[in-house]
Structure formats: structure tokens, C-alpha cells
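Chemist: You'll find data_20.cif just under this line, and it carries mmCIF, C-alpha atoms and all ligand atoms.
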data_coords
loop_
_atom_site.label_atom_id
_atom_site.label_comp_id
_atom_site.auth_asym_id
_atom_site.auth_seq_id
_atom_site.Cartn_x
_atom_site.Cartn_y
_atom_site.Cartn_z
CA MET B 1111 57.88 86.80 89.66
CA SER B 1112 59.26 90.27 90.21
CA ASN B 1113 58.01 93.37 91.97
CA ARG B 1114 60.66 95.42 90.23
CA PRO B 1115 59.90 98.44 88.09
CA GLU B 1116 59.87 97.24 84.49
CA HIS B 1117 62.88 99.20 83.21
CA ILE B 1118 65.13 97.97 86.03
CA GLU B 1119 64.11 94.38 85.36
CA THR B 1120 64.74 94.87 81.63
CA PHE B 1121 68.18 96.33 82.27
CA VAL B 1122 69.16 93.56 84.69
CA ARG B 1123 68.14 90.92 82.15
CA ILE B 1124 70.10 92.50 79.27
CA ALA B 1125 73.12 93.24 81.47
CA GLU B 1126 73.25 89.64 82.66
CA ASP B 1127 73.65 88.54 79.04
CA LEU B 1128 76.23 91.21 78.24
CA PHE B 1129 78.39 90.19 81.21
CA GLN B 1130 78.43 86.62 79.88
CA SER B 1131 80.00 87.68 76.56
CA ASP B 1132 83.05 85.70 75.51
CA LYS B 1133 84.73 89.09 74.99
CA LEU B 1134 85.08 89.23 78.80
CA PRO B 1135 87.77 87.42 80.75
CA GLU B 1136 86.54 84.20 82.36
CA ALA B 1137 86.90 85.68 85.87
CA GLY B 1138 84.67 88.60 84.84
CA ARG B 1139 81.93 86.26 83.68
CA ALA B 1140 82.29 84.25 86.88
CA VAL B 1141 81.89 87.19 89.28
CA ALA B 1142 79.01 88.52 87.17
CA SER B 1143 77.09 85.27 87.44
CA ARG B 1144 77.34 85.43 91.24
CA ILE B 1145 76.12 89.06 91.17
CA PHE B 1146 73.17 88.33 88.89
CA GLU B 1147 72.24 85.35 91.05
CA ARG B 1148 71.74 87.83 93.92
CA LEU B 1149 69.88 90.21 91.60
CA ARG B 1150 67.19 87.58 90.99
CA ILE B 1151 65.65 88.86 94.24
CA PRO B 1152 64.71 92.57 94.16
CA SER B 1153 65.59 94.55 97.27
CA ASP B 1154 65.16 98.31 97.69
CA ASP B 1155 65.41 100.48 100.81
CA GLY B 1156 64.17 103.53 98.89
CA LYS B 1157 67.28 105.71 99.33
CA ARG B 1158 68.01 107.73 96.18
CA HIS B 1159 71.12 109.80 95.46
CA THR B 1160 69.23 111.97 93.03
CA THR B 1161 71.68 114.88 92.77
CA ARG B 1162 72.99 115.02 89.21
CA TYR B 1163 76.50 116.12 88.23
CA PRO B 1164 77.74 118.01 85.17
CA ALA B 1165 79.08 114.91 83.40
CA CYS B 1166 75.51 113.54 83.15
CA GLU B 1167 75.36 115.79 80.08
CA PHE B 1168 77.69 113.36 78.26
CA ILE B 1169 75.39 110.35 78.51
CA ASP B 1170 73.51 111.10 75.28
CA ALA B 1171 76.65 111.71 73.25
CA ALA B 1172 78.33 108.60 74.67
CA LEU B 1173 75.35 106.41 73.75
CA ALA B 1174 74.53 108.04 70.38
CA PRO B 1175 76.62 105.63 68.24
CA VAL B 1176 74.92 102.51 69.70
CA ILE B 1177 71.44 103.62 70.78
CA ASP B 1178 69.68 102.62 67.55
CA LEU B 1179 71.53 99.33 67.06
CA PRO B 1180 69.47 96.10 67.04
CA THR B 1181 71.92 94.55 69.51
CA GLN B 1182 72.05 93.87 73.24
CA ILE B 1183 74.28 96.93 73.67
CA GLY B 1184 71.68 99.01 71.80
CA ALA B 1185 68.87 97.64 73.97
CA ALA B 1186 70.88 98.32 77.14
CA ALA B 1187 71.60 101.88 75.95
CA ARG B 1188 67.90 102.55 75.32
CA THR B 1189 67.07 101.19 78.78
CA ILE B 1190 69.67 103.46 80.39
CA LYS B 1191 67.84 106.42 78.84
CA LEU B 1192 64.48 105.16 80.15
CA LEU B 1193 66.01 104.66 83.61
CA GLU B 1194 67.93 107.93 83.73
CA PRO B 1195 65.33 109.86 85.83
CA ALA B 1196 65.31 107.08 88.46
CA LEU B 1197 69.07 106.61 88.88
CA GLY B 1198 71.36 107.55 91.73
CA TRP B 1199 74.54 109.53 91.00
CA THR B 1200 77.97 109.68 92.62
CA ARG B 1201 81.46 110.75 91.73
CA ARG B 1202 84.97 110.21 93.07
CA THR B 1203 87.05 113.11 94.32
CA THR B 1204 90.19 111.30 95.55
CA GLY B 1205 92.94 109.15 94.10
CA SER B 1206 96.22 109.71 92.31
CA HIS B 1207 97.11 110.40 88.67
CA GLY B 1208 93.63 111.64 87.73
CA SER B 1209 93.59 114.32 85.01
CA ASP B 1210 92.86 117.92 86.13
CA ASN B 1211 89.37 117.67 84.61
CA TYR B 1212 88.37 114.31 86.12
CA ILE B 1213 86.06 115.49 88.93
CA GLU B 1214 83.80 117.56 86.68
CA GLY B 1215 84.45 115.15 83.83
CA HIS B 1216 82.95 111.96 85.22
CA VAL B 1217 79.90 110.57 86.98
CA HIS B 1218 78.72 107.15 88.13
CA GLY B 1219 75.09 106.14 87.62
CA MET B 1220 73.78 103.53 90.07
CA ILE B 1221 71.06 101.19 88.90
CA CYS B 1222 71.15 98.50 91.62
CA GLY B 1223 73.27 99.43 94.62
CA PRO B 1224 73.47 102.06 97.39
CA GLY B 1225 71.30 105.09 96.56
CA GLY B 1226 70.44 103.73 93.10
CA ALA B 1227 67.16 103.08 91.32
CA GLU B 1228 67.03 99.86 93.39
CA SER B 1229 68.95 100.79 96.53
CA ARG B 1230 70.67 97.76 98.06
CA TYR B 1231 74.00 96.77 99.59
CA ASP B 1232 74.83 93.24 98.49
CA VAL B 1233 75.82 94.10 94.90
CA GLN B 1234 76.32 97.10 92.64
CA LEU B 1235 75.23 97.39 89.00
CA GLY B 1236 75.71 100.71 87.26
CA PHE B 1237 77.86 102.62 84.78
CA SER B 1238 80.49 105.32 84.54
CA VAL B 1239 80.40 108.23 82.12
CA MET B 1240 83.40 110.37 81.24
CA ALA B 1241 83.80 113.46 79.11
CA PRO B 1242 86.45 113.23 76.35
CA ASN B 1243 90.09 113.23 77.48
CA VAL B 1244 89.50 112.32 81.11
CA ARG B 1245 91.89 110.10 83.05
CA TYR B 1246 90.16 108.65 86.10
CA PRO B 1247 92.38 108.25 89.19
CA ASP B 1248 94.14 105.05 90.18
CA HIS B 1249 91.99 103.33 92.77
CA SER B 1250 91.26 99.98 94.33
CA HIS B 1251 88.44 98.52 96.41
CA PRO B 1252 87.79 95.28 98.21
CA PRO B 1253 84.84 94.20 96.02
CA GLU B 1254 85.66 92.30 92.87
CA GLU B 1255 84.23 93.88 89.72
CA ALA B 1256 83.67 93.40 86.00
CA TYR B 1257 83.16 96.02 83.28
CA VAL B 1258 81.52 96.03 79.84
CA LEU B 1259 82.23 98.92 77.47
CA PHE B 1260 79.50 100.74 75.51
CA THR B 1261 82.06 103.02 73.81
CA ALA B 1262 85.78 103.09 73.12
CA GLY B 1263 87.84 103.56 76.25
CA GLU B 1264 91.01 102.30 77.88
CA PHE B 1265 91.72 100.47 81.13
CA ARG B 1266 94.92 99.95 83.02
CA GLN B 1267 95.52 97.37 85.76
CA LYS B 1268 98.38 97.94 88.23
CA ASP B 1269 101.33 99.24 86.16
CA GLY B 1270 100.32 97.45 82.99
CA ASP B 1271 99.66 98.84 79.52
CA TRP B 1272 96.47 100.71 78.68
CA VAL B 1273 94.07 98.44 76.79
CA ASN B 1274 90.82 99.08 74.92
CA PRO B 1275 88.62 95.96 75.20
CA GLY B 1276 86.29 97.29 72.45
CA ILE B 1277 82.52 97.80 72.54
CA GLY B 1278 80.93 94.81 74.25
CA GLY B 1279 84.31 93.73 75.62
CA GLY B 1280 85.35 94.16 79.21
CA ILE B 1281 87.74 93.58 82.05
CA HIS B 1282 87.83 91.97 85.47
CA ASN B 1283 89.38 93.60 88.55
CA ALA B 1284 90.41 91.23 91.33
CA PRO B 1285 89.64 92.27 94.94
CA GLY B 1286 91.92 95.12 96.06
CA SER B 1287 93.78 95.34 92.76
CA GLN B 1288 94.70 98.84 91.49
CA HIS B 1289 93.09 100.01 88.26
CA ALA B 1290 92.23 103.11 86.24
CA MET B 1291 90.36 104.10 83.08
CA ARG B 1292 90.51 106.91 80.56
CA SER B 1293 88.53 108.29 77.66
CA GLY B 1294 89.92 109.30 74.28
CA SER B 1295 88.52 111.98 71.98
CA ASN B 1296 84.91 110.79 72.47
CA PRO B 1297 82.72 110.50 75.57
CA PHE B 1298 83.09 107.22 77.46
CA LEU B 1299 80.45 104.95 78.98
CA ALA B 1300 81.07 101.57 80.61
CA MET B 1301 78.81 99.44 82.76
CA TRP B 1302 80.13 97.64 85.83
CA CYS B 1303 79.01 95.19 88.46
CA LEU B 1304 80.56 94.58 91.88
CA LEU B 1305 80.10 91.84 94.44
CA THR B 1306 80.03 93.69 97.74
FE FE A 1 86.81 100.28 90.24
#
Here is the file; what I need is its structure written in the form of C-alpha cells.

Modeler:
Amino acid sequence: MSNRPEHIETFVRIAEDLFQSDKLPEAGRAVASRIFERLRIPSDDGKRHTTRYPACEFIDAALAPVIDLPTQIGAAARTIKLLEPALGWTRRTTGSHGSDNYIEGHVHGMICGPGGAESRYDVQLGFSVMAPNVRYPDHSHPPEEAYVLFTAGEFRQKDGDWVNPGIGGGIHNAPGSQHAMRSGSNPFLAMWCLLT
């Protein structure tokens, strides 16, 4: 039983599978299963951060290589496009070591979480988009999170090396641990979930 709009329910179901991929670290799969447990129950206070930002224009180009694939990533990409008019949008404007273009060059789309298509406060499920050649600032946050990549892209944790987990692969960020991400010569899109 669900009183959720169909496209949100479809996305949650596909995302739950993608976050259980064996291309993710075990801790990423573990936090995701706790998040998707909470997502079994829809909850929406109706708040919508509907203001779009310039980097929304990179969503189509980021998804173009996967959108017609008969895979879970392809199905998730098609659902993002169906959901796009209903999403909430935010962007970060603080943090160190971000590239000069990072503010205009990125946006976060919220599917389930504050101001998103299903506005709630116990979890976050959404995605980040970056223009080519953007380095997102170092940051940390108390909630634990996991990512799954829809495109090429690199992540760095603390002072470690930059790594590209590959499409369908991902990372896990422990609570409060510093991390960053960057795009290469193509637009970047990665989905995340946080336990808040
Ligand atoms: Fe983060």
C-alpha cells in the first residue's frame, strides 16, 4: 500500500536495488537498507524548494549516455526525468577547496527529504549534478551517507586519493567524515541517500 505519487515510488524502488549493488562498500549498503526501511512509509509535509539553478541544465547531458539502457541505472535515469518538475533544488555556497565555478556549476535535486518531491526530515534521497570540470568543496555532515554514480566522477575522502567508483559503483561516508567530489570532462550525476 502506498499513497505516494507513482514516479516517486518507482524511483524509491529502483534506488533501493541500486544501493544494494556489490559495487558499493558494505557500510554503504548497510546504511542504505536502514534508509529504505524508513522510506517504506511515505511522509510529506508539502514544502517544495522549487527554485531551479543554472546547473539543472546539465541533467540531460549527464544522463544521455545511460537513459536508453535496459538496466536499473537506465530506469532510474528515466524516472529522474519524469520526476524533474516535482523536485526540490538546493546548492552549497560554502566550504574550502571548491573550484571557482562550483557554485554555478552544481545543483542538488531532492527526491525524498526537506523541500523535495516528498518533503520529510528522517532521511534524504536525491542526486547531485555538476557541470564538467567542477571540484565541489570539502565538507562533512553528521548524517552518514552513501552514493551511487550515474556517470564518471571522482570522490575523495579525508586526504586520500581521488577515486572513480565507476557507473553503478559508489562510496560510503561515515558520520562527520570529510569528503569531496569532482567532475572530469563530462557532466556528473550521482545519487545519494542520508540517514538524518
Ligand atoms: Fe556529503

Chemist: Find the spatial neighbours of segment 1277-1282 of chain B, counting only C-alpha atoms, within a cut-off of 12 Å - ignore same-chain residues fewer than 5 positions away - and output them as a PyMOL selection string.

Modeler: chain B and resi 1125+1127-1142+1172-1173+1175-1176+1181-1184+1186-1187+1253-1267+1272+1287-1291+1298-1305

Chemist: For Asp1248 of chain B, which residue among B:His1207, B:Arg1230, B:Arg1123, B:Lys1157 is the nearest when counting all atoms listed in the file?

Modeler: B:His1207

Chemist: Report, in Å with one decimal, the straight-line distance from atom CA of Gly1225 of chain B to atom CA of Gly1198 of chain B.

Modeler: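 Atom-to-atom, atom CA of Gly1225 of chain B to atom CA of Gly1198 of chain B, that is 5.4 Å.
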
Chemist: Could you check how far atom CA of Pro1297 of chain B sits from atom CA of Gly1219 of chain B, in Å to one decimal?

Modeler: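 Rounded to one decimal, the two atoms are 14.9 Å apart.
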
Chemist: Using only C-alpha atoms and all ligand atoms for the distances, tell me which of B:Asn1283, B:Ser1293, B:Thr1204, B:Asn1211 is nearest to ligand FE 1 (chain A).

Modeler: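 The shortest atom-to-atom distance to ligand FE 1 (chain A) comes from B:Asn1283.
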
Chemist: Extract, using all atoms listed in the file, all DNA, RNA and protein residues at most 8 Å from Arg1202 of chain B, discarding same-chain residues fewer than 2 positions from it, and format them as a PDB file with C-alpha atoms, keeping the file's coordinate frame.

Modeler:
ATOM      1  CA  THR B1200      77.970 109.680  92.620  1.00  0.00           C
ATOM      2  CA  THR B1204      90.190 111.300  95.550  1.00  0.00           C
ATOM      3  CA  ILE B1213      86.060 115.490  88.930  1.00  0.00           C
ATOM      4  CA  VAL B1217      79.900 110.570  86.980  1.00  0.00           C
TER       5      VAL B1217
END

Chemist: Could you check the closest approach to ligand FE 1 (chain A) for each of B:Gly1270, B:Gly1276, B:Pro1180, B:Gly1236 and tell me which residue wins, using all atoms listed in the file?

Modeler: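 Ranking B:Gly1270, B:Gly1276, B:Pro1180, B:Gly1236 by distance to ligand FE 1 (chain A), first place goes to B:Gly1236.
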
Chemist: List as an mmCIF file with C-alpha atoms, in the coordinates of the input the protein and nucleic acid residues near Asp1155 of chain B, meaning an atom at most 12 Å away when all atoms listed in the file are counted, but skip any in the same chain fewer than 3 places from it.

Modeler:
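Output below, filename around19.cif:
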data_model
loop_
_atom_site.group_PDB
_atom_site.id
_atom_site.type_symbol
_atom_site.label_atom_id
_atom_site.label_comp_id
_atom_site.auth_asym_id
_atom_site.auth_seq_id
_atom_site.Cartn_x
_atom_site.Cartn_y
_atom_site.Cartn_z
ATOM 1 C CA PRO B 1152 64.710 92.570 94.160
ATOM 2 C CA ARG B 1158 68.010 107.730 96.180
ATOM 3 C CA CYS B 1222 71.150 98.500 91.620
ATOM 4 C CA GLY B 1223 73.270 99.430 94.620
ATOM 5 C CA PRO B 1224 73.470 102.060 97.390
ATOM 6 C CA GLY B 1225 71.300 105.090 96.560
ATOM 7 C CA GLY B 1226 70.440 103.730 93.100
ATOM 8 C CA ALA B 1227 67.160 103.080 91.320
ATOM 9 C CA GLU B 1228 67.030 99.860 93.390
ATOM 10 C CA SER B 1229 68.950 100.790 96.530
ATOM 11 C CA ARG B 1230 70.670 97.760 98.060
ATOM 12 C CA TYR B 1231 74.000 96.770 99.590
#

Chemist: Mind checking which residues fall within 9 Å of His1117 of chain B, counting only C-alpha atoms, ignoring those fewer than 2 positions away in the same chain, and posting them as a VMD selection string?

Modeler: chain B and resid 1114 to 1115 1119 to 1122 1189 to 1190 1192 to 1193

Chemist: Suppose you want the space between atom CA of Val1273 of chain B and atom CA of His1251 of chain B; what is it in Å?

Modeler: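 Separation between atom CA of Val1273 of chain B and atom CA of His1251 of chain B: 20.4 Å.
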
Chemist: Of the residues B:Ile1177, B:Val1233, B:Ala1284, B:Ala1165, which is the one nearest to ligand FE 1 (chain A), using all atoms listed in the file?

Modeler: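 Using all atoms listed in the file, ligand FE 1 (chain A) sits closest to B:Ala1284.
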